[in-house]
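A.B. asks: Dropping in input-v5.txt, with compact mmCIF, C-alpha atoms and all ligand atoms.
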# COMPACT_ATOMS: atom_id res chain seq x y z
CA MET A 167 -2.33 -2.32 24.82
CA SER A 168 -3.34 1.32 24.94
CA GLY A 169 -4.63 2.53 21.59
CA PRO A 170 -4.12 5.89 19.95
CA THR A 171 -6.28 8.71 21.22
CA PHE A 172 -8.41 10.68 18.80
CA THR A 173 -9.33 13.74 20.74
CA PRO A 174 -10.35 16.92 18.99
CA LYS A 175 -9.95 19.60 21.67
CA SER A 176 -13.17 21.18 20.53
CA THR A 177 -15.60 20.66 17.69
CA HIS A 178 -13.60 23.07 15.55
CA SER A 179 -10.21 22.17 16.93
CA ALA A 180 -7.14 22.56 14.73
CA GLU A 181 -5.29 20.03 16.86
CA ILE A 182 -5.89 16.31 17.06
CA SER A 183 -3.88 14.10 19.36
CA LEU A 184 -2.75 10.83 17.82
CA ARG A 185 -0.26 10.06 20.52
CA ASN A 186 -0.73 7.18 22.87
CA SER A 187 -2.69 8.12 25.91
CA ASP A 188 0.12 6.86 28.20
CA SER A 189 2.72 9.09 26.53
CA THR A 190 4.01 11.80 28.82
CA ALA A 191 6.67 13.17 26.47
CA HIS A 192 6.49 16.90 25.93
CA PHE A 193 5.79 17.89 22.34
CA GLU A 194 7.65 20.63 20.52
CA PRO A 195 7.20 20.94 16.75
CA LEU A 196 10.25 19.97 14.67
CA GLN A 197 11.95 22.73 12.73
CA PRO A 198 13.66 21.99 9.41
CA THR A 199 17.03 23.27 10.54
CA ASP A 200 20.13 22.67 8.40
CA GLU A 201 21.23 20.15 11.00
CA LEU A 202 17.96 18.18 10.83
CA LEU A 203 17.87 18.25 7.01
CA ALA A 204 21.46 17.00 6.88
CA GLU A 205 20.59 14.18 9.28
CA LEU A 206 17.55 13.18 7.20
CA SER A 207 19.57 13.21 3.99
CA GLU A 208 22.31 11.09 5.53
CA GLN A 209 19.83 8.59 6.98
CA SER A 210 17.91 8.45 3.72
CA GLN A 211 21.08 7.48 1.85
CA ARG A 212 22.04 4.96 4.50
CA LEU A 213 18.59 3.35 4.49
CA GLU A 214 18.45 2.94 0.69
CA THR A 215 19.70 -0.62 1.11
CA ALA A 216 17.79 -1.37 4.33
CA SER A 217 14.71 -3.57 4.50
CA PRO A 218 11.30 -1.95 5.14
CA ALA A 219 11.32 -3.41 8.67
CA GLU A 220 14.77 -1.93 9.35
CA ILE A 221 13.59 1.47 8.09
CA LEU A 222 10.53 1.33 10.34
CA SER A 223 12.63 0.30 13.33
CA TRP A 224 14.90 3.30 12.79
CA ALA A 225 11.86 5.62 12.46
CA VAL A 226 10.34 4.36 15.70
CA GLU A 227 13.62 4.67 17.58
CA ARG A 228 14.26 8.16 16.25
CA PHE A 229 10.77 9.72 16.42
CA ALA A 230 8.43 7.82 18.78
CA PRO A 231 6.18 8.80 20.51
CA PHE A 232 5.73 11.51 17.88
CA PHE A 233 5.75 9.04 15.02
CA SER A 234 2.57 7.90 13.31
CA MET A 235 1.33 6.27 10.15
CA ALA A 236 -1.40 7.26 7.73
CA THR A 237 -3.15 4.44 5.93
CA ALA A 238 -5.89 4.01 3.36
CA PHE A 239 -5.65 0.24 4.03
CA GLY A 240 -4.07 -0.47 0.65
CA PRO A 241 -1.86 -3.55 0.24
CA GLU A 242 1.29 -1.56 0.95
CA GLY A 243 -0.21 -0.01 4.08
CA MET A 244 -1.31 -3.41 5.28
CA THR A 245 2.28 -4.69 5.14
CA ILE A 246 3.43 -1.67 7.18
CA ILE A 247 0.70 -2.29 9.77
CA HIS A 248 1.85 -5.93 9.92
CA MET A 249 5.47 -4.87 10.49
CA LEU A 250 4.54 -2.22 13.06
CA ALA A 251 2.48 -4.80 14.94
CA GLU A 252 5.76 -6.66 15.51
CA ILE A 253 8.15 -3.72 15.86
CA ALA A 254 6.12 -1.15 17.80
CA PRO A 255 2.41 -2.00 18.13
CA GLU A 256 1.84 1.11 20.25
CA THR A 257 2.47 3.30 17.17
CA PRO A 258 -0.65 5.37 16.49
CA ILE A 259 -2.09 4.70 13.04
CA PHE A 260 -4.78 6.78 11.42
CA ASN A 261 -7.06 6.78 8.42
CA LEU A 262 -8.49 9.87 6.76
CA ASP A 263 -12.15 8.92 6.80
CA THR A 264 -13.70 11.18 4.19
CA GLY A 265 -17.16 9.66 4.62
CA TYR A 266 -16.94 8.33 1.07
CA GLN A 267 -14.86 5.20 1.70
CA PHE A 268 -15.97 1.74 0.58
CA ALA A 269 -17.70 -0.44 3.18
CA GLU A 270 -15.00 -3.04 2.45
CA THR A 271 -12.31 -0.55 3.52
CA LEU A 272 -13.99 0.17 6.84
CA GLU A 273 -14.51 -3.54 7.39
CA LEU A 274 -10.78 -4.05 6.86
CA ARG A 275 -10.17 -1.68 9.79
CA GLU A 276 -12.17 -4.10 11.94
CA ARG A 277 -10.12 -7.03 10.65
CA VAL A 278 -6.91 -5.17 11.60
CA LYS A 279 -8.28 -4.75 15.10
CA ALA A 280 -9.15 -8.44 15.35
CA ARG A 281 -5.83 -9.65 13.93
CA TYR A 282 -3.38 -7.26 15.59
CA GLY A 283 -5.28 -5.58 18.41
CA ILE A 284 -4.56 -2.25 16.71
CA GLU A 285 -7.37 0.29 16.54
CA VAL A 286 -6.76 2.57 13.58
CA ALA A 287 -8.01 6.07 14.43
CA LEU A 288 -10.54 7.48 11.98
CA ILE A 289 -9.96 11.17 11.34
CA LYS A 290 -13.15 12.70 10.06
CA PRO A 291 -13.88 16.13 8.59
CA GLU A 292 -15.92 18.47 10.74
CA LEU A 293 -18.83 18.38 8.28
CA SER A 294 -20.65 15.11 7.63
CA VAL A 295 -21.15 14.09 3.99
CA GLU A 296 -24.74 15.35 4.18
CA GLU A 297 -23.69 18.73 5.61
CA TYR A 298 -20.86 19.08 3.11
CA GLU A 299 -22.99 18.25 0.09
CA SER A 300 -25.74 20.51 1.31
CA LEU A 301 -23.23 23.37 1.69
CA HIS A 302 -22.00 22.92 -1.89
CA GLY A 303 -25.30 22.14 -3.54
CA GLY A 304 -24.36 18.52 -4.20
CA PRO A 305 -21.34 16.22 -4.23
CA LEU A 306 -18.22 18.30 -4.84
CA TYR A 307 -16.29 15.25 -6.07
CA LYS A 308 -18.31 15.53 -9.29
CA THR A 309 -17.45 19.15 -10.02
CA ASN A 310 -14.33 19.97 -8.03
CA PRO A 311 -12.55 16.85 -6.74
CA GLN A 312 -9.44 18.89 -5.96
CA GLN A 313 -11.36 20.95 -3.43
CA CYS A 314 -13.13 17.89 -2.07
CA CYS A 315 -9.79 16.12 -1.44
CA PHE A 316 -8.40 19.29 0.08
CA ASP A 317 -11.30 19.68 2.49
CA ARG A 318 -11.82 16.06 3.41
CA LYS A 319 -8.24 14.70 3.32
CA LEU A 320 -5.47 17.29 3.29
CA THR A 321 -6.99 19.62 5.86
CA GLN A 322 -7.56 16.69 8.19
CA LEU A 323 -3.98 15.47 7.79
CA GLN A 324 -2.72 18.96 8.56
CA LYS A 325 -4.67 18.86 11.82
CA ALA A 326 -3.26 15.43 12.69
CA ALA A 327 0.27 16.59 11.84
CA ALA A 328 0.07 19.30 14.50
CA GLY A 329 1.06 16.81 17.20
CA LEU A 330 3.63 14.78 15.27
CA HIS A 331 7.28 14.86 14.23
CA ALA A 332 7.20 12.13 11.61
CA TRP A 333 4.83 9.93 9.68
CA ALA A 334 5.19 6.81 7.57
CA SER A 335 3.62 6.59 4.18
CA ALA A 336 3.18 3.49 2.06
CA ILE A 337 4.19 4.91 -1.30
CA ARG A 338 6.40 2.98 -3.71
CA ARG A 339 8.61 4.68 -6.28
CA GLU A 340 7.39 2.56 -9.18
CA GLN A 341 3.77 3.69 -8.66
CA SER A 342 4.04 7.01 -10.51
CA PRO A 343 6.57 9.55 -11.86
CA ASP A 344 5.86 11.77 -8.81
CA ARG A 345 6.46 8.95 -6.37
CA ALA A 346 9.62 7.87 -8.23
CA GLN A 347 11.40 10.82 -6.63
CA ALA A 348 10.39 10.05 -3.05
CA PRO A 349 13.33 9.73 -0.64
CA ILE A 350 13.29 7.04 2.04
CA VAL A 351 13.45 9.84 4.62
CA GLY A 352 12.77 13.48 3.85
CA TRP A 353 11.22 16.68 5.09
CA ASP A 354 7.60 17.08 4.03
CA LYS A 355 7.17 20.84 3.64
CA LYS A 356 3.43 20.72 3.25
CA PHE A 357 2.82 19.09 6.61
CA SER A 358 6.02 20.20 8.40
CA LEU A 359 6.82 16.60 9.23
CA VAL A 360 9.51 14.08 8.52
CA LYS A 361 8.09 11.64 5.99
CA ILE A 362 9.38 8.09 5.94
CA SER A 363 8.64 5.78 3.02
CA PRO A 364 9.84 2.30 4.03
CA LEU A 365 8.45 0.73 0.85
CA ALA A 366 9.92 3.26 -1.58
CA ASN A 367 12.17 0.61 -3.11
CA SER A 368 9.70 -2.27 -2.88
CA THR A 369 7.97 -3.76 -5.89
CA LYS A 370 4.31 -4.63 -6.14
CA ALA A 371 5.28 -8.33 -6.32
CA GLU A 372 7.28 -8.04 -3.08
CA VAL A 373 4.34 -6.43 -1.30
CA TRP A 374 1.94 -9.15 -2.39
CA LYS A 375 4.46 -11.88 -1.54
CA MET A 376 4.62 -10.55 2.00
CA ILE A 377 0.81 -10.46 2.20
CA THR A 378 0.59 -14.05 0.99
CA ASP A 379 3.50 -15.36 3.08
CA HIS A 380 2.12 -13.86 6.30
CA ASP A 381 -1.60 -14.13 5.53
CA ILE A 382 -1.96 -10.39 6.05
CA PRO A 383 -5.58 -9.18 5.72
CA TYR A 384 -6.31 -7.10 2.61
CA ASN A 385 -9.22 -5.36 0.93
CA PRO A 386 -11.34 -7.93 -0.99
CA LEU A 387 -11.89 -5.32 -3.73
CA HIS A 388 -8.33 -6.05 -4.89
CA ASP A 389 -9.64 -9.41 -6.13
CA GLN A 390 -12.40 -7.62 -8.06
CA GLY A 391 -10.29 -5.43 -10.36
CA TYR A 392 -9.45 -2.58 -7.97
CA PRO A 393 -5.65 -2.45 -7.55
CA SER A 394 -5.81 1.05 -6.03
CA ILE A 395 -8.67 1.99 -3.74
CA GLY A 396 -9.67 5.43 -2.55
CA CYS A 397 -13.12 6.89 -2.05
CA GLN A 398 -15.96 4.95 -3.60
CA PRO A 399 -17.23 7.72 -5.96
CA CYS A 400 -13.71 8.35 -7.32
CA THR A 401 -12.56 4.77 -7.80
CA ARG A 402 -13.47 2.26 -10.50
CA ALA A 403 -12.23 -1.20 -11.41
CA ILE A 404 -9.63 -1.30 -14.17
CA THR A 405 -9.44 -3.52 -17.22
CA LEU A 406 -6.52 -5.65 -18.42
CA GLY A 407 -3.55 -3.56 -19.51
CA GLU A 408 -4.59 -0.35 -17.75
CA ASP A 409 -2.23 1.39 -15.33
CA GLU A 410 -2.88 0.32 -11.75
CA ARG A 411 -3.97 3.85 -10.78
CA ALA A 412 -6.14 4.33 -13.90
CA GLY A 413 -9.23 3.67 -11.80
CA ARG A 414 -8.61 6.68 -9.55
CA TRP A 415 -10.43 9.90 -10.58
CA SER A 416 -10.99 8.23 -13.94
CA GLY A 417 -12.04 10.68 -16.67
CA THR A 418 -10.33 13.64 -15.00
CA ASN A 419 -6.71 14.78 -15.12
CA LYS A 420 -6.42 14.37 -11.35
CA VAL A 421 -4.00 11.57 -10.38
CA GLU A 422 -3.24 12.22 -6.70
CA CYS A 423 -5.27 13.42 -3.74
CA GLY A 424 -2.37 15.78 -2.96
CA LEU A 425 -0.93 13.96 0.05
CA HIS A 426 2.09 12.70 -1.86
CA SER A 427 2.47 14.96 -4.90
CA ILE A 428 5.95 16.25 -5.58
CA GLN A 429 4.78 19.70 -6.66
CA ASP A 430 3.47 20.38 -3.19
CA LYS A 431 6.69 19.27 -1.59
CA GLU A 432 8.79 21.50 -3.81
CA ASP A 433 6.69 24.64 -3.56
FE1 LIG B 1 -13.72 13.66 -2.38
FE2 LIG B 1 -13.16 11.82 -4.26
FE3 LIG B 1 -11.18 13.12 -2.97
FE4 LIG B 1 -12.68 11.30 -1.73
S1 LIG B 1 -11.26 10.95 -3.44
S2 LIG B 1 -12.08 13.25 -0.90
S3 LIG B 1 -14.72 11.68 -2.64
S4 LIG B 1 -12.71 13.98 -4.39
Starting from the file, lay out its structure as structure tokens.
Ligand code: SF4
C.D. replies:
Amino acid sequence: MSGPTFTPKSTHSAEISLRNSDSTAHFEPLQPTDELLAELSEQSQRLETASPAEILSWAVERFAPFFSMATAFGPEGMTIIHMLAEIAPETPIFNLDTGYQFAETLELRERVKARYGIEVALIKPELSVEEYESLHGGPLYKTNPQQCCFDRKLTQLQKAAAGLHAWASAIRREQSPDRAQAPIVGWDKKFSLVKISPLANSTKAEVWKMITDHDIPYNPLHDQGYPSIGCQPCTRAITLGEDERAGRWSGTNKVECGLHSIQDKED
């Protein structure tokens, strides 16, 4: 199987190719024409009652080879990787590797490779953690996490999006008020991509049932009180009764890294 390429065209490239190296299809960016938006709306309605696997199959058929998936290796993302391994294992999958991820998260990437033969591309910021902290006089996540997420996640996703038409995300509607409004298929203004959320209607119990039923690998930190895992400095374990995302940016009013926030989509 040929894996996804991760090829910055230069050190400061604004374009990163996530497409399979054997893809010869010519890329033209998608435009949110009235016709495309009407198609997405119609498909989103139609797919409301479809299974996650059916939604993914439609996405692959409609958008490959310009279809990709972003994952932070959470339980939801792991079920999508499992389904893609059966439906379209050539789909490029990427992780925004901020340099601050848990060792357990990076080890899970290796387990994905061993289990499915899928090499998740790591998209890294141009500056290493050391260079970035040196530039800002220390860790920016302590003083300005919004900027840190922008620099080390959003900017990198924007670069990756430059060669794509559509991406799958693993959000579920019951995770937060913002996510409750996510369509199954919609136009993502921030990244100029079609965003597909095959698990939008899934419950947490359904996700974990699939993991258990199929012995899907998952991050061992989930068994240690971390239901939602991001970067190590911005994630803590939660206690009984806390919201499942209470451990993310705890002590600040930040609740999202910005990849999935509704405000950005509606700007
Ligand atoms: Fe920086 Fe924290 Fe955002 Fe990671 S989650 S990019 S460390 S602010």
A.B. asks: Set the cut-off to 10 Å, count all atoms listed in the file, and list whatever residues fall near ligand LIG 1 (chain B) as a VMD selection string.
C.D. replies: chain A and resid 262 to 267 295 305 to 320 395 to 401 414 to 415 420 422 to 424
A.B. asks: At a cut-off of 12 Å, using all atoms listed in the file, what residues contact Thr215 of chain A? Leave out same-chain residues fewer than 2 positions from it and give the result as a list of chain:residue names.
C.D. replies: A:Gln209, A:Ser210, A:Gln211, A:Arg212, A:Leu213, A:Ser217, A:Pro218, A:Ala219, A:Glu220, A:Ile221, A:Ile350, A:Pro364, A:Leu365, A:Ala366, A:Asn367, A:Ser368
A.B. asks: Which residue, A:Glu214, A:Glu227, A:Glu340, A:Asp354, has the smallest gap to Leu196 of chain A when you use all atoms listed in the file?
C.D. replies: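 Between A:Glu214, A:Glu227, A:Glu340, A:Asp354, the residue approaching Leu196 of chain A most closely is A:Asp354.
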A.B. asks: Within 12 Å of His380 of chain A, counting all atoms listed in the file, which residues show up once you throw out same-chain ones fewer than 6 positions away? Write them as JSON, numbers by chain, please.
C.D. replies: {"A": [244, 245, 248, 249, 281, 373, 374]}
A.B. asks: Please measure the separation of atom CA of Val286 of chain A and atom CA of Ala328 of chain A, giving the value in Å to one decimal.
C.D. replies: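 Separation between atom CA of Val286 of chain A and atom CA of Ala328 of chain A: 18.1 Å.
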A.B. asks: With only C-alpha atoms as the basis for distance, which of A:Ala412, A:Glu201, A:Lys325, A:Lys356 is at the shortest distance from Glu292 of chain A?
C.D. replies: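 For Glu292 of chain A, the nearest of the given residues is A:Lys325.
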A.B. asks: One decimal, in Å: what's the spacing between atom CA of Ser223 of chain A and atom CA of Pro195 of chain A?
C.D. replies: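 About the pair atom CA of Ser223 of chain A and atom CA of Pro195 of chain A: they are 21.6 Å apart.
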A.B. asks: Hey, which of A:Ile362, A:Ile284, A:Ile253, A:Ala348 ends up closest to Trp333 of chain A? Count only C-alpha atoms.
C.D. replies: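 Using only C-alpha atoms, Trp333 of chain A sits closest to A:Ile362.
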A.B. asks: Rounded to one decimal, what separation in Å do you get between atom CA of Ala204 of chain A and atom CA of Arg228 of chain A?
C.D. replies: 14.8 Å
A.B. asks: Under the rule that all atoms listed in the file are counted, which of A:Leu206, A:Ala327, A:Leu359, A:Ala236 is the nearest residue to Trp224 of chain A?
C.D. replies: A:Leu206
A.B. asks: Identify which of the residues A:Gly407, A:Pro241, A:Met235, A:Ala254 lies closest to Ala371 of chain A, counting all atoms listed in the file when measuring atom-to-atom distances.
C.D. replies: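 Looking only at the distances to Ala371 of chain A, the closest residue turns out to be A:Pro241.
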A.B. asks: Using all atoms listed in the file, find the one residue out of A:Ser335, A:Arg275, A:Gly303, A:Phe260 that sits nearest to Leu288 of chain A.
C.D. replies: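 Between A:Ser335, A:Arg275, A:Gly303, A:Phe260, the residue approaching Leu288 of chain A most closely is A:Phe260.
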A.B. asks: Report as a PDB file with C-alpha atoms, in the frame of the given file all protein, DNA and RNA residues lying within 9 Å of segment 382-390 of chain A, evaluated on only C-alpha atoms, omitting residues in the same chain fewer than 3 positions from it.
C.D. replies:
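See around_36.pdb below for the written result:
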ATOM      1  CA  PHE A 239      -5.650   0.240   4.030  1.00  0.00           C
ATOM      2  CA  GLY A 240      -4.070  -0.470   0.650  1.00  0.00           C
ATOM      3  CA  PRO A 241      -1.860  -3.550   0.240  1.00  0.00           C
ATOM      4  CA  MET A 244      -1.310  -3.410   5.280  1.00  0.00           C
ATOM      5  CA  THR A 245       2.280  -4.690   5.140  1.00  0.00           C
ATOM      6  CA  HIS A 248       1.850  -5.930   9.920  1.00  0.00           C
ATOM      7  CA  GLU A 270     -15.000  -3.040   2.450  1.00  0.00           C
ATOM      8  CA  THR A 271     -12.310  -0.550   3.520  1.00  0.00           C
ATOM      9  CA  GLU A 273     -14.510  -3.540   7.390  1.00  0.00           C
ATOM     10  CA  LEU A 274     -10.780  -4.050   6.860  1.00  0.00           C
ATOM     11  CA  ARG A 277     -10.120  -7.030  10.650  1.00  0.00           C
ATOM     12  CA  VAL A 278      -6.910  -5.170  11.600  1.00  0.00           C
ATOM     13  CA  ARG A 281      -5.830  -9.650  13.930  1.00  0.00           C
ATOM     14  CA  MET A 376       4.620 -10.550   2.000  1.00  0.00           C
ATOM     15  CA  ILE A 377       0.810 -10.460   2.200  1.00  0.00           C
ATOM     16  CA  THR A 378       0.590 -14.050   0.990  1.00  0.00           C
ATOM     17  CA  ASP A 379       3.500 -15.360   3.080  1.00  0.00           C
ATOM     18  CA  PRO A 393      -5.650  -2.450  -7.550  1.00  0.00           C
ATOM     19  CA  SER A 394      -5.810   1.050  -6.030  1.00  0.00           C
ATOM     20  CA  ILE A 395      -8.670   1.990  -3.740  1.00  0.00           C
ATOM     21  CA  ALA A 403     -12.230  -1.200 -11.410  1.00  0.00           C
TER      22      ALA A 403
END
A.B. asks: With a distance cut-off of 10 Å and only C-alpha atoms, select the neighbouring residues of Gln341 of chain A, excluding the residue or stretch itself and same-chain residues fewer than 4 positions from it, and output the selection as a compact mmCIF listing (two decimals) with C-alpha atoms, keeping the file's coordinate frame.
C.D. replies:
# COMPACT_ATOMS: atom_id res chain seq x y z
CA ILE A 337 4.19 4.91 -1.30
CA ARG A 345 6.46 8.95 -6.37
CA ALA A 346 9.62 7.87 -8.23
CA ALA A 366 9.92 3.26 -1.58
CA THR A 369 7.97 -3.76 -5.89
CA LYS A 370 4.31 -4.63 -6.14
CA ASP A 409 -2.23 1.39 -15.33
CA GLU A 410 -2.88 0.32 -11.75
CA ARG A 411 -3.97 3.85 -10.78
